[in-house]
Structures are given as structure tokens and as C-alpha cells.
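Here the structure comes first, spelled out in C-alpha cells, and everything after it is commentary.
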Amino acid sequence: MNTEATALSDSPDRGRKLHRRHGPPVKRLMAPAVIFLLVWMIVPLAMTIYYAFQNYNLMMPTMRGFAGWENFSILLNDPTFWSALVNTLVLVGACLIVTVGLGLVLALLFNRTFIGRGIARTLAISPFFVMPVVTGLIFKNMLFHPVYGIFSWAMRTLGLEPIDWLAHYPMLSIIMMISWEWTPFALLILLTGLQSLPEDQIEAVRLDGANRWQEFRHIVIPHLGQVLYVVVMLESIFFLTSFAEIYATTSGGPGTATTNLPYYIYLSAFFQYDIGLSSAAAIGAVVLANIFAFFLIRFVAGNLNAGGQR
Amino acid sequence: MAVVELNNVAKRYPGSGSKGAAANAVDDFNLITRDGEFIVLVGPSGCGKSTTMRMIAGLEANTGGEIRINGRDVSQVAARDRDIAMVFQSYALYPHMTVFDNMAFALKLKKYPGEDIQKRVKEAAEVLGITALLDRKPRALSGGQRQRVALGRAIVRSPQVFLMDEPLSNLDAMLRVDMRAEIIKLHRKLKVTTFYVTHDQTEAMTMGERIVVMKDGRIQQIDTPNTLYHCPANLFVAGFIGTPSMNFLKMTLGQHGMMLTGPTARLLASPERQDLSNHRGQTLWAGIRPEHLRPTDADDCAALLTGEVDVVEPLGAVTMVQMTVDGHRITAQLDGDTRVSIGDTLTLTCDSDQLHLFDTETELALPRTHAMSTTTV
Ligand SMILES: Nc1ncnc2c1ncn2[C@@H]1O[C@H](COP(=O)(O)OP(=O)(O)O)[C@@H](O)[C@H]1O
Ligand SMILES: [Mg+2]
């Protein structure tokens with residue numbers, strides 16, 4: 001209201017009154033949405049922080065009380081936590097590389113015209129509509145299974161020894177599943193990016209003497225900069241929270257080979273019933289997510305801009 | 001600098017069949033430029049101007065004929081190896097690069113040494129008056145400035161051939177006139193063979209050394225602006241070149257091969273045109289440019305068009321008058337101080353050597369022997 005009043009201070013009184021009466025009360029109209037969003041975010045976060053400093057194990061409900069930094073020190077001294085952290089980073093990093101790389105290649109292919117492109121495009125995007133748990137089950141029982149799986153059948157057909165993927169290459173298997181699910185997302189967004197590239201820029205750069213690679217490097221990639229940024233940001237947030245695929249296939253194993261941070265939090269909350277510890281780990285996950293959001297993404301964006309300017 | 005040669009060049013886009021010959025976007029295009037010539041392609045929208053340019057550039061493959069640059073058939077040469085620079089209607093500047101980088105890009109790809117690039121870009125920027133903008137990104141430039149950068153990007157390369165596809169059509173009218181003059185100046189200086197596309201016949205007339213008038217993918221006439229104006233080859237060119245357009249009346253040639261008559265109109269063909277004797281008694285299209293009509297009181301004049309004035313547009317220096325004579329719209333460009341008002345009956349006359357005659361069947365001009373002898377160089 002203050003700013004409105006100063007902005008209109010030199011206009012006639014009548015005008016201001018009209019404005020008061022008919023202008024939309026922007027702040028009041030926005031308030032419900034903003035309050036809802038704040039409650040939605042702040043309350044769970046505050047509760048997590050509160051529990052992180054509490055002694056609160058559901059198996060020993062009477063031993064409640066302020067714990068200080070104890071949960072955190074247990075957490076930091078737990079080798080499983082550290083391996084979960086590493087697993088999370090490996091998972092996010094590998095899946096980002098695979099989905100963005102593969103998505104870009106597919107987007108470049110699908111951006112060309114060929115017979116049956118519409119059908120091929122729909123098929124390529126369909127994995128994205130499969131629920132994560134279903135993905136896990138499909139891979140576990142139909143693809144990775146050492147006896148019935150398509151992969152082992154293919155290897156036997158080639159005269160090779162079938163591999164028990166989930167037992168011997170658990171992390172690779174998880175990365176394959178998540179990448180299978182998320183490559184379509186990258187493909188979809190990068191394809192829209194490619195399609196918004198004006199044809200005449202490609203023609204101009206061709207006449208300037210660029211070959212295919214230079215065309216891609218100097219025009220297509222800078223044009224996709226913003227889009228890549230969105231893909232990387234959204235995907236890293238989703239990959240950080242991967243859970244269902246792991247739950248449905250390896251259950252974090254063998255050992256802790258595929259236990260990532262979300263799965264670690266799940267284990268400590270629902271197997272050890274240690275709400276305090278899992279809350280502390282959740283805080284760790286929040287910190288990690290923010291590190292991603294700030295550093296990784298700044299780094300990527302900065303690199304892309306620099307690449308464009310050179 | 002180069003001689004560009006187009007021999008029977010044709011383009012048929014896939015999927016544009018079933019309409020016979022008209023389905024070719026460009027058909028039977030023949031042209032040999034002089035070294036350093038400024039050629040303007042002009043014609044209504046969709047007549048195949050851009051397609052012709054894009055075939056020269058190599059962005060589009062010709063489906064018939066051959067294109068030669070300095071005698072070399074370039075059909076198999078990729079666009080990037082043809083050493084041709086193009087200025088696009090949309091400018092097509094690289095949005096993520098500064099003006100300097102936009103201009104330097106082609107040179108960098110060719111691995112020119114750094115100081116050479118600096119020097120060339122600076123020079124081009126000075127010529128175009130954009131030195132102060134070199135560090136800006138295209139989005140921080142006005143339309144006219146972008147236009148200059150697009151030109152600059154083309155000239156730093158000193159290419160064999162310049163192609164400009166309606167480069168001025170996104171600018172406002174004032175700026176367009178300025179840039180027009182500037183492009184001509186630039187061409188005088190650089191003497192690079194240039195193809196310039198426009199749909200605006202004024203632009204074509206003021207800029208072209210030779211003008212190619214096109215319609216429906218076919219060349220109608222290739223000539224100097226002067227010849228196009230005085231000796232249009234057919235009805236289309238006559239109507240397309242000149243503003244306002246030429247007036248056309250359907251009239252019958254008399255038995256002496258001198259007098260043309262309509263229901264009310266009378267026109268006298270030039271007595272020097274002996275060739276008209278072959279057309280005695282035929283119906284012909286008579287064409288007169290608005291600027292060659294003048295009012296007359298005399299009733300004994302050989303050439304008379306009489307009608308009721310229904311539009312008067314005083315423009316200061318001249319007054320445009322429209323009326324209907326024998327069912328044809330007639331526009332006349334009269335002196336600015338002419339007193340006419342709507343509803344007046346006006347009688348117009350013109351000199352017989354300003355009269356153009358066209359066959360009604362073929363729409364070709366009946367040759368004007370005397371005019372040809374004065375305008376051919
Ligand atoms: N990519 C294309 N595919 C099919 N037809 C096209 C294509 N480009 C142009 N045409 C057709 O070719 C004709 C000439 O187009 P164009 O050269 O762009 O005309 P101009 O530049 O003179 O306005 C038009 O009829 C247009 O519809
Ligand atoms: Mg065009």
C-alpha cells in the first residue's frame with residue numbers, strides 16, 4: 001500500500017481513490033498461496049530440526065529429552081552414513097551424465113525428420129510414465145533376473161555366462177534403471193530446446209564456414225544452455241531423493257552397496273526406529289541438496305556462459 | 001569478387017507436385033552477372049526470390065540446371081565452402097555472442113591470426129559506424145544497429161558473393177532509406193558481386209544495377225531500372241514497376257494502325273510505330289503511367305480519356321486523381337496546384353510515345369523500336 005501511495009502521490013485525489021477501490025489487493029490475494037507454501041515447507045523442516053536435537057527412539061519411548069549434538073556425532077561416526085553419502089553422489093553424478101548425454105543424443109536424432117518419428121518419439125518418452133516401483137520390479141524380474149531375465153537370455157544366446165546384475169553390479173543396475181526412467185525427461189526438454197533454435201542461425205553459421213561439430217559447439221550448445229540448466233537442476237533434485245527403485249530391487253544392498261541417503265534415513269527411521277538420528281541424517285540431505293543447488297548449478301551455468309563467450 | 005552464372009536453374013520442393021509447371025518454386029532461371037555487379041531480385045511474395053538466393057548460397061540444392069561461380073560448377077560444393085556471405089531478413093545474429101564475436105566468428109573458424117581479426121573487425125565496424133557497440137550482445141541493440149552488425153558480419157569476410165534477403169524489411173521507413181543509401185555506398189567501395197532480394201520495387205529501382213523481375217518462379221525480365229521503366233517486357237512488369245502502377249485499358253487498334261479506341265476513350269499510338277500495321281483491328285492492352293497523364297481542355301486532342309473523378313489525394317507536390325474510364329480504374333498524377341474535386345468530369349491526355357501496348361493473348365509488349373534505340377546502352 002505504501003508504494004502504491006507514493007507512486008500515485010502526484011496524481012489527482014480522485015484517481016487515487018478509484019485506484020484504491022478498483023485496483024486488485026495483490027498482497028491479500030497472494031497471501032493464501034504464500035502462507036500455504038511457507039507452512040508446507042517450514043513446518044516439516046522445523047520439525048525435522050527439532051527432532052534432530054532430541055533423543056527419540058520409538059523402541060524406547062520413555063527416554064525422551066534434549067540430545068544436543070549427540071545425534072549428529074553418532075551420524076558422523078557411522079561409516080554407513082559416509083558410504084550412503086558417497087553412494088548418493090555417485091548415483092546423482094552418473095545418472096546426470098547418462099541421462100543428459102543420452103538425452104542430448106536422442107534429442108538431436110529426434111529433431112531430424114524421418115518416417116515414423118511421431119511413434120518413435122512417443123515410445124522414447126514412455127519410460128517416464130512408468131512408476132518408479134514398477135520400473136524397479138520390471139528390471140528386477142524381467143531384465144536383470146539371472147534365470148528369467150532378458151539380459152541373461154541375451155548373454156546365454158551369445159554363449160556367455162549370465163550375470164546376476166543386482167548382486168554383482170548393484171550400483172550400476174540402479175544407475176541403469178534410474179537413467180532409463182529419466183532419459184526421456186532430458187530428451188523431452190532438450191528436444192523442445194532444439195526445436196526453438198531458429199533455422200536461420202544454423203544457416204548463418206554454415207555460411208560462416210562452420211562444420212557440423214562447430215555448428216553444434218558454437219550455436220546449438222549455447223542455445224541449449226538455459227534448457228540444460230533446467231534439466232540438470234531438476235534431475236539432480238530428483239536423483240538425490242531416489243528411493244523406490246532401490247527399495248523395490250536391492251533394498252540398499254548387498255550390504256550397503258546401494259544405500260543412498262534417502263534409503264539410510266528410511267532405515268534408521270523404520271528399522272532402528274531412531275527418529276532423532278534419521279532427522280539428523282535428513283538435515284544432512286537438506287544440506288547436500290543445497291550444496292547441489294548452489295555450487296553445481298552455478299558451476300554448470302558459469303561454464304556454459306563462458307563457453308558461449310569464447 | 002566473382003562472376004555468378006545460373007543456367008536453367010530450377011527448384012522443385014518435394015511434395016509440391018500435381019500443379020504441373022507451376023509447382024516449381026523456381027524454373028528456368030538464367031543469369032550471368034558481371035564481376036562486382038549489384039543484382040536485385042524483385043517480385044511479389046512467394047515468387048521464388050529467396051529460393052533462388054538459397055540455391056546460390058548452397059542452403060538449398062537446385063533440382064535442375066547448374067550454378068557456376070567463377071566458372072566452377074558448385075552443385076557439389078557445400079554451403080560453408082562456397083565463400084558466400086548472406087544477410088538474413090531476421091539478421092540471424094548469434095544471440096550469445098557480442099557484436100565483436102559475431103563479426104569475428106567466421107574469421108576465427110578460418111583460423112585467422114588474432115591481430116588480423118581485430119584489424120578487420122575494427123575496420124568493418126568503423127565503416128558501419130558500430131565501433132561503440134562491439135562489446136554489446138545483439139539483444140541490447142536496436143533494429144537498425146542489428147542490421148549493421150549483420151552487414152558487418154558479412155563484409156569482414158570479404159566473400160566472393162554477398163546475398164541479402166530482404167535485409168531492410170524489418171526497419172522503419174526512414175531508416176530503410178538511410179540503409180539503402182549506405183548499402184549502395186558499401187557496394188561501391190567493396191565491389192563485391194551482390195544479390196539483393198526485395199519485394200519493394202522502389203528499393204529495387206533505386207539500388208539495382210540490373211533488376212531481375214520474377215513472378216511464379218519465372219524470370220519476367222532482366223534489365224537496368226531505366227529500361228524496365230521505359231520498356232517493360234510484358235504486362236506484369238509494366239504493372240509491377242513504377243508507383244503508382246501503370247494504367248491499363250483494353251482498346252481496339254484502328255484500320256490505319258494509329259488510333260486506339262475504346263467505348264469512350266481514344267488514344268493515339270506513335271506514328272513512328274510501323275510495326276503496328278500487323279495488329280490492325282486487334283484488341284490490345286494500352287498502358288499509360290499515371291505520371292504521363294495530364295489534364296486538357298481541348299477536344300481536338302488525339303488522345304483523350306474522359307471520366308468522373310472519384311478520388312482526389314493532394315500530396316503537396318503532386319495531386320493523385322482516380323477515375324473510371326470505360327470500366328478501367330485510371331490513376332493520374334497531376335501537378336500539385338491542379339484544381340479538381342470529386343465529381344468533376346476530367347479529360348486527360350498523354351503523348352503518344354508514352355503509350356505502351358501489350359498483346360491481350362500473350363501479355364507481351366509489342367516491341368517499341370524507337371524507344372529501344374534510345375535506351376539500349
Ligand atoms: N521449404 C519449402 N518447402 C516447400 N515449398 C517451399 C519451401 N520454401 C518455399 N517454398 C515455396 O516456394 C515458393 C517460393 O518461395 P520463396 O522463394 O520463399 O518466395 P519469396 O522469397 O519470393 O517470397 C513459394 O510458393 C513457397 O511456398
Ligand atoms: Mg523470401
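By order of appearance in the C-alpha cells: chains A, B, ..., then residues from 1 within every chain, and ligands from 1 in the order shown.
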Residues flagged strand (DSSP E) by DSSP in stretch 29-130 of chain B, as a PyMOL selection string: chain B and resi 29-32+38-42+64-69+72-73+84-87
7 Å shell around ligand 1 using only C-alpha atoms and all ligand atoms, listed as a list in words: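 Protein and nucleic-acid residues within 7 Å of ligand 1: Tyr13, Pro14, Ser16, Ala25, Gly43, Pro44, Ser45, Gly46, Cys47, Gly48, Lys49, Ser50, Thr51, Thr52 and Gly217 of chain B.
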For ligand 2, the nearest of the candidates B:Val99, B:Ala173, B:Val42, B:Met323, counting only C-alpha atoms and all ligand atoms: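 Between B:Val99, B:Ala173, B:Val42, B:Met323, the residue approaching ligand 2 most closely is B:Val42.
The residue that comes closest to ligand 2, out of B:Tyr94, B:Tyr196, B:Phe240, B:Phe358 and on the basis of only C-alpha atoms and all ligand atoms, is B:Tyr196.
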Closest of B:Ala204, B:Val197, B:Ala10, B:Leu305 to ligand 2 - atom-to-atom distances counting only C-alpha atoms and all ligand atoms: B:Val197
Distance filter 8 Å, only C-alpha atoms, chain B against chain A, as a PyMOL selection string: chain B and resi 57+59+79-86+88+90+92-94+96-98+101+105-106+109-110
Pairwise distance for atom CA of B:Gln282 and atom CA of B:Leu228, rounded to one decimal in Å: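 Those two atoms sit 25.4 Å apart.
By only C-alpha atoms, and with residues fewer than 5 positions from B:Asn247 along its chain excluded, the set lying at most 7 Å from it is Gly287, Ile288, Arg289, Pro290, Ile330 and Thr331 of chain B.
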Could you write out the selected residues, including all heavy atoms, as a PDB file, in the first residue's frame?
ATOM      1  N   GLY B 287      -1.206   0.745 -72.092  1.00  0.00           N
ATOM      2  CA  GLY B 287      -0.721   1.102 -70.758  1.00  0.00           C
ATOM      3  C   GLY B 287      -0.166   2.511 -70.745  1.00  0.00           C
ATOM      4  O   GLY B 287       0.600   2.892 -71.634  1.00  0.00           O
ATOM      5  N   ILE B 288      -0.564   3.286 -69.726  1.00  0.00           N
ATOM      6  CA  ILE B 288      -0.036   4.642 -69.577  1.00  0.00           C
ATOM      7  C   ILE B 288       0.312   4.829 -68.103  1.00  0.00           C
ATOM      8  O   ILE B 288      -0.483   4.512 -67.221  1.00  0.00           O
ATOM      9  CB  ILE B 288      -1.074   5.723 -69.937  1.00  0.00           C
ATOM     10  CG1 ILE B 288      -1.811   5.360 -71.225  1.00  0.00           C
ATOM     11  CG2 ILE B 288      -0.402   7.080 -70.066  1.00  0.00           C
ATOM     12  CD1 ILE B 288      -3.129   6.055 -71.336  1.00  0.00           C
ATOM     13  N   ARG B 289       1.488   5.327 -67.851  1.00  0.00           N
ATOM     14  CA  ARG B 289       1.865   5.592 -66.456  1.00  0.00           C
ATOM     15  C   ARG B 289       1.120   6.823 -65.945  1.00  0.00           C
ATOM     16  O   ARG B 289       0.911   7.781 -66.704  1.00  0.00           O
ATOM     17  CB  ARG B 289       3.367   5.813 -66.349  1.00  0.00           C
ATOM     18  CG  ARG B 289       4.153   4.589 -66.728  1.00  0.00           C
ATOM     19  CD  ARG B 289       5.551   4.614 -66.190  1.00  0.00           C
ATOM     20  NE  ARG B 289       6.248   3.402 -66.586  1.00  0.00           N
ATOM     21  CZ  ARG B 289       6.159   2.244 -65.933  1.00  0.00           C
ATOM     22  NH1 ARG B 289       5.406   2.168 -64.845  1.00  0.00           N
ATOM     23  NH2 ARG B 289       6.794   1.178 -66.352  1.00  0.00           N
ATOM     24  N   PRO B 290       0.727   6.825 -64.675  1.00  0.00           N
ATOM     25  CA  PRO B 290      -0.021   7.953 -64.109  1.00  0.00           C
ATOM     26  C   PRO B 290       0.695   9.281 -64.286  1.00  0.00           C
ATOM     27  O   PRO B 290       0.059  10.306 -64.513  1.00  0.00           O
ATOM     28  CB  PRO B 290      -0.125   7.597 -62.626  1.00  0.00           C
ATOM     29  CG  PRO B 290      -0.004   6.122 -62.589  1.00  0.00           C
ATOM     30  CD  PRO B 290       0.886   5.738 -63.722  1.00  0.00           C
ATOM     31  N   ILE B 330      -8.384   4.370 -63.557  1.00  0.00           N
ATOM     32  CA  ILE B 330      -7.302   5.184 -64.086  1.00  0.00           C
ATOM     33  C   ILE B 330      -6.797   6.086 -62.966  1.00  0.00           C
ATOM     34  O   ILE B 330      -7.573   6.763 -62.307  1.00  0.00           O
ATOM     35  CB  ILE B 330      -7.789   6.061 -65.266  1.00  0.00           C
ATOM     36  CG1 ILE B 330      -8.301   5.198 -66.404  1.00  0.00           C
ATOM     37  CG2 ILE B 330      -6.681   6.990 -65.741  1.00  0.00           C
ATOM     38  CD1 ILE B 330      -7.248   4.366 -67.077  1.00  0.00           C
ATOM     39  N   THR B 331      -5.489   6.045 -62.726  1.00  0.00           N
ATOM     40  CA  THR B 331      -4.869   6.942 -61.753  1.00  0.00           C
ATOM     41  C   THR B 331      -4.010   7.932 -62.529  1.00  0.00           C
ATOM     42  O   THR B 331      -3.297   7.533 -63.447  1.00  0.00           O
ATOM     43  CB  THR B 331      -3.983   6.154 -60.776  1.00  0.00           C
ATOM     44  OG1 THR B 331      -4.763   5.120 -60.202  1.00  0.00           O
ATOM     45  CG2 THR B 331      -3.431   7.040 -59.682  1.00  0.00           C
TER      46      THR B 331
END
DSSP-assigned alpha helix (DSSP H) members of stretch 102-181 of chain B, reported as a ChimeraX atom specification: /B:102-109,114-128,143-155,173-181
Counting only C-alpha atoms, the residue of A:Thr62, A:Ser83, A:Asn77, A:Asn111 that sits nearest A:Gln195: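 Nearest candidate to A:Gln195 out of A:Thr62, A:Ser83, A:Asn77, A:Asn111: A:Asn111.
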Residues near B:Thr306, cut-off 7 Å, only C-alpha atoms, skip fewer than 2 positions along chain, as a PyMOL selection string: chain B and resi 265+304+325+346-348
Atom pair atom CA of B:His256 / atom CA of B:Ser277: separation (Å): 7.2 Å
Contacts of B:Lys119 at 12 Å (only C-alpha atoms; same-chain gap of 5+ positions) as JSON, numbers by chain: {"B": [100, 103, 104, 107, 112, 113, 114, 124, 125, 126, 131, 156]}
Would you write out those residues with C-alpha atoms, as a CSV table (one decimal), in the first residue's frame?
chain,number,residue,atom,x,y,z
B,100,PHE,CA,32.7,-8.3,-32.0
B,103,MET,CA,31.7,-10.4,-36.7
B,104,ALA,CA,34.8,-12.3,-35.9
B,107,LEU,CA,37.4,-15.4,-39.3
B,112,TYR,CA,42.9,-16.1,-39.0
B,113,PRO,CA,45.6,-14.7,-36.6
B,114,GLY,CA,44.2,-12.7,-33.7
B,124,ALA,CA,34.3,-3.0,-40.8
B,125,ALA,CA,32.9,-1.6,-37.6
B,126,GLU,CA,34.2,1.8,-38.5
B,131,THR,CA,32.6,0.7,-33.1
B,156,VAL,CA,34.6,-8.7,-42.6
Selection: 10 Å around stretch 228-237 of chain A, only C-alpha atoms, excl. self and same-chain fewer than 3 positions, as a ChimeraX atom specification: /A:89,91-93,95-97,99-100,104,182-183,185-190,193,221-225,240-242,289-290,292-294,296-298,300-301,304
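Every protein, DNA or RNA residue with an atom at most 9 Å from A:Tyr264, where only C-alpha atoms count and chain neighbours fewer than 4 positions away do not, is listed here: A:Thr80, A:Phe81, A:Ala84, A:Gly252, A:Thr259, A:Asn260, A:Ser268, A:Ala269, A:Ser278, A:Ala281.
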